[in-house]
Amino acid sequence: MAVPRKKTSPMKRNQRRAHDALTAPTYVEDKESGERRRPHHIDLKTGKYKGRQILPAKSDI
């Protein structure tokens with residue numbers, strides 16, 4: 001069984017854990033509807049992506 005030769009210092013331990021923090025999801029304001037949406041995702045209210053109609057709008061359903 002592998003056994004570490006030395007105790008890991010707090011500095012090295014914390015450097016390893018520096019990338020483990022959770023980040024809040026990013027939202028952007030849609031240019032056409034003004035609604036908040038995720039970047040690179042379809043606006044579900046209007047059904048548009050990059051100015052093209054992908055899905056029917058919610059009011060049309």
# chains A, B, ... in the order shown; residues from 1 in each chain; ligands from 1
>>> residues_around(residues="range 50-59 of chain A", least_positions_apart="3", cutoff="10 Å", atoms="only C-alpha atoms", output="PyMOL selection string")
chain A and resi 31-32+40-47
>>> write_last_selection(atoms="all heavy atoms", output="PDB file, in the first residue's frame")
ATOM      1  N   LYS A  31     -31.446  40.334 -26.222  1.00  0.00           N
ATOM      2  CA  LYS A  31     -31.534  41.617 -26.922  1.00  0.00           C
ATOM      3  C   LYS A  31     -32.950  41.917 -27.394  1.00  0.00           C
ATOM      4  O   LYS A  31     -33.379  43.064 -27.403  1.00  0.00           O
ATOM      5  CB  LYS A  31     -30.583  41.628 -28.120  1.00  0.00           C
ATOM      6  CG  LYS A  31     -29.125  41.591 -27.725  1.00  0.00           C
ATOM      7  CD  LYS A  31     -28.230  41.506 -28.936  1.00  0.00           C
ATOM      8  CE  LYS A  31     -26.776  41.362 -28.535  1.00  0.00           C
ATOM      9  NZ  LYS A  31     -25.896  41.149 -29.666  1.00  0.00           N
ATOM     10  N   GLU A  32     -33.680  40.881 -27.800  1.00  0.00           N
ATOM     11  CA  GLU A  32     -35.018  41.112 -28.357  1.00  0.00           C
ATOM     12  C   GLU A  32     -36.097  41.178 -27.289  1.00  0.00           C
ATOM     13  O   GLU A  32     -36.896  42.099 -27.260  1.00  0.00           O
ATOM     14  CB  GLU A  32     -35.348  40.017 -29.368  1.00  0.00           C
ATOM     15  CG  GLU A  32     -34.467  40.055 -30.593  1.00  0.00           C
ATOM     16  CD  GLU A  32     -34.866  39.018 -31.621  1.00  0.00           C
ATOM     17  OE1 GLU A  32     -35.996  38.524 -31.550  1.00  0.00           O
ATOM     18  OE2 GLU A  32     -34.041  38.721 -32.484  1.00  0.00           O
ATOM     19  N   HIS A  40     -25.594  31.130 -25.149  1.00  0.00           N
ATOM     20  CA  HIS A  40     -25.548  30.039 -26.126  1.00  0.00           C
ATOM     21  C   HIS A  40     -26.718  29.066 -25.960  1.00  0.00           C
ATOM     22  O   HIS A  40     -26.598  27.898 -26.322  1.00  0.00           O
ATOM     23  CB  HIS A  40     -24.221  29.276 -26.056  1.00  0.00           C
ATOM     24  CG  HIS A  40     -23.016  30.157 -26.129  1.00  0.00           C
ATOM     25  ND1 HIS A  40     -22.625  30.783 -27.288  1.00  0.00           N
ATOM     26  CD2 HIS A  40     -22.144  30.543 -25.183  1.00  0.00           C
ATOM     27  CE1 HIS A  40     -21.543  31.507 -27.038  1.00  0.00           C
ATOM     28  NE2 HIS A  40     -21.237  31.387 -25.774  1.00  0.00           N
ATOM     29  N   HIS A  41     -27.845  29.537 -25.438  1.00  0.00           N
ATOM     30  CA  HIS A  41     -29.040  28.712 -25.295  1.00  0.00           C
ATOM     31  C   HIS A  41     -30.206  29.407 -25.991  1.00  0.00           C
ATOM     32  O   HIS A  41     -30.216  30.630 -26.147  1.00  0.00           O
ATOM     33  CB  HIS A  41     -29.393  28.502 -23.816  1.00  0.00           C
ATOM     34  CG  HIS A  41     -28.529  27.505 -23.130  1.00  0.00           C
ATOM     35  ND1 HIS A  41     -27.193  27.717 -22.893  1.00  0.00           N
ATOM     36  CD2 HIS A  41     -28.810  26.275 -22.644  1.00  0.00           C
ATOM     37  CE1 HIS A  41     -26.683  26.671 -22.272  1.00  0.00           C
ATOM     38  NE2 HIS A  41     -27.651  25.776 -22.113  1.00  0.00           N
ATOM     39  N   ILE A  42     -31.211  28.636 -26.352  1.00  0.00           N
ATOM     40  CA  ILE A  42     -32.412  29.178 -26.993  1.00  0.00           C
ATOM     41  C   ILE A  42     -33.212  29.964 -25.963  1.00  0.00           C
ATOM     42  O   ILE A  42     -33.358  29.537 -24.818  1.00  0.00           O
ATOM     43  CB  ILE A  42     -33.275  28.036 -27.565  1.00  0.00           C
ATOM     44  CG1 ILE A  42     -32.521  27.294 -28.664  1.00  0.00           C
ATOM     45  CG2 ILE A  42     -34.592  28.562 -28.105  1.00  0.00           C
ATOM     46  CD1 ILE A  42     -33.234  26.065 -29.149  1.00  0.00           C
ATOM     47  N   ASP A  43     -33.743  31.125 -26.364  1.00  0.00           N
ATOM     48  CA  ASP A  43     -34.662  31.874 -25.517  1.00  0.00           C
ATOM     49  C   ASP A  43     -36.007  31.158 -25.569  1.00  0.00           C
ATOM     50  O   ASP A  43     -36.662  31.117 -26.615  1.00  0.00           O
ATOM     51  CB  ASP A  43     -34.788  33.316 -26.014  1.00  0.00           C
ATOM     52  CG  ASP A  43     -35.690  34.155 -25.134  1.00  0.00           C
ATOM     53  OD1 ASP A  43     -35.902  33.773 -23.964  1.00  0.00           O
ATOM     54  OD2 ASP A  43     -36.174  35.193 -25.609  1.00  0.00           O
ATOM     55  N   LEU A  44     -36.416  30.564 -24.468  1.00  0.00           N
ATOM     56  CA  LEU A  44     -37.628  29.740 -24.468  1.00  0.00           C
ATOM     57  C   LEU A  44     -38.903  30.570 -24.626  1.00  0.00           C
ATOM     58  O   LEU A  44     -39.917  30.059 -25.083  1.00  0.00           O
ATOM     59  CB  LEU A  44     -37.689  28.913 -23.183  1.00  0.00           C
ATOM     60  CG  LEU A  44     -36.570  27.869 -23.054  1.00  0.00           C
ATOM     61  CD1 LEU A  44     -36.662  27.174 -21.706  1.00  0.00           C
ATOM     62  CD2 LEU A  44     -36.640  26.857 -24.186  1.00  0.00           C
ATOM     63  N   LYS A  45     -38.869  31.850 -24.257  1.00  0.00           N
ATOM     64  CA  LYS A  45     -40.072  32.673 -24.389  1.00  0.00           C
ATOM     65  C   LYS A  45     -40.363  32.980 -25.857  1.00  0.00           C
ATOM     66  O   LYS A  45     -41.496  32.861 -26.314  1.00  0.00           O
ATOM     67  CB  LYS A  45     -39.905  33.969 -23.604  1.00  0.00           C
ATOM     68  CG  LYS A  45     -41.154  34.815 -23.584  1.00  0.00           C
ATOM     69  CD  LYS A  45     -40.993  36.003 -22.674  1.00  0.00           C
ATOM     70  CE  LYS A  45     -42.281  36.786 -22.615  1.00  0.00           C
ATOM     71  NZ  LYS A  45     -42.146  37.951 -21.757  1.00  0.00           N
ATOM     72  N   THR A  46     -39.332  33.355 -26.613  1.00  0.00           N
ATOM     73  CA  THR A  46     -39.532  33.690 -28.021  1.00  0.00           C
ATOM     74  C   THR A  46     -39.209  32.525 -28.945  1.00  0.00           C
ATOM     75  O   THR A  46     -39.658  32.511 -30.088  1.00  0.00           O
ATOM     76  CB  THR A  46     -38.650  34.888 -28.420  1.00  0.00           C
ATOM     77  OG1 THR A  46     -37.276  34.542 -28.205  1.00  0.00           O
ATOM     78  CG2 THR A  46     -38.981  36.118 -27.612  1.00  0.00           C
ATOM     79  N   GLY A  47     -38.408  31.555 -28.485  1.00  0.00           N
ATOM     80  CA  GLY A  47     -38.034  30.414 -29.312  1.00  0.00           C
ATOM     81  C   GLY A  47     -36.961  30.730 -30.327  1.00  0.00           C
ATOM     82  O   GLY A  47     -36.767  29.989 -31.283  1.00  0.00           O
TER      83      GLY A  47
END
>>> select_by_dssp(residues="chain A", states="strand (DSSP E)", output="PDB file with C-alpha atoms, in the first residue's frame")
ATOM      1  CA  VAL A  28     -27.395  37.400 -20.036  1.00  0.00           C
ATOM      2  CA  GLU A  29     -30.228  39.725 -21.015  1.00  0.00           C
ATOM      3  CA  ARG A  36     -32.693  36.609 -18.857  1.00  0.00           C
ATOM      4  CA  ARG A  37     -31.330  33.453 -20.481  1.00  0.00           C
ATOM      5  CA  LYS A  48     -35.205  32.240 -31.090  1.00  0.00           C
ATOM      6  CA  TYR A  49     -31.475  31.567 -31.203  1.00  0.00           C
ATOM      7  CA  ARG A  52     -33.468  32.649 -36.075  1.00  0.00           C
ATOM      8  CA  GLN A  53     -36.788  31.102 -35.069  1.00  0.00           C
TER       9      GLN A  53
END
>>> select_by_dssp(residues="chain A", states="alpha helix (DSSP H)", output="list in words")
Pro10, Met11, Lys12, Arg13, Asn14, Gln15, Arg16 and Arg17 of chain A
>>> atom_distance(atom1="CA of Pro4 in chain A", atom2="CA of Arg17 in chain A")
18.5 Å
>>> closest_residue(among="A:Lys12, A:Arg38, A:Ala2, A:Lys7", to="Pro25 in chain A", atoms="only C-alpha atoms")
A:Arg38
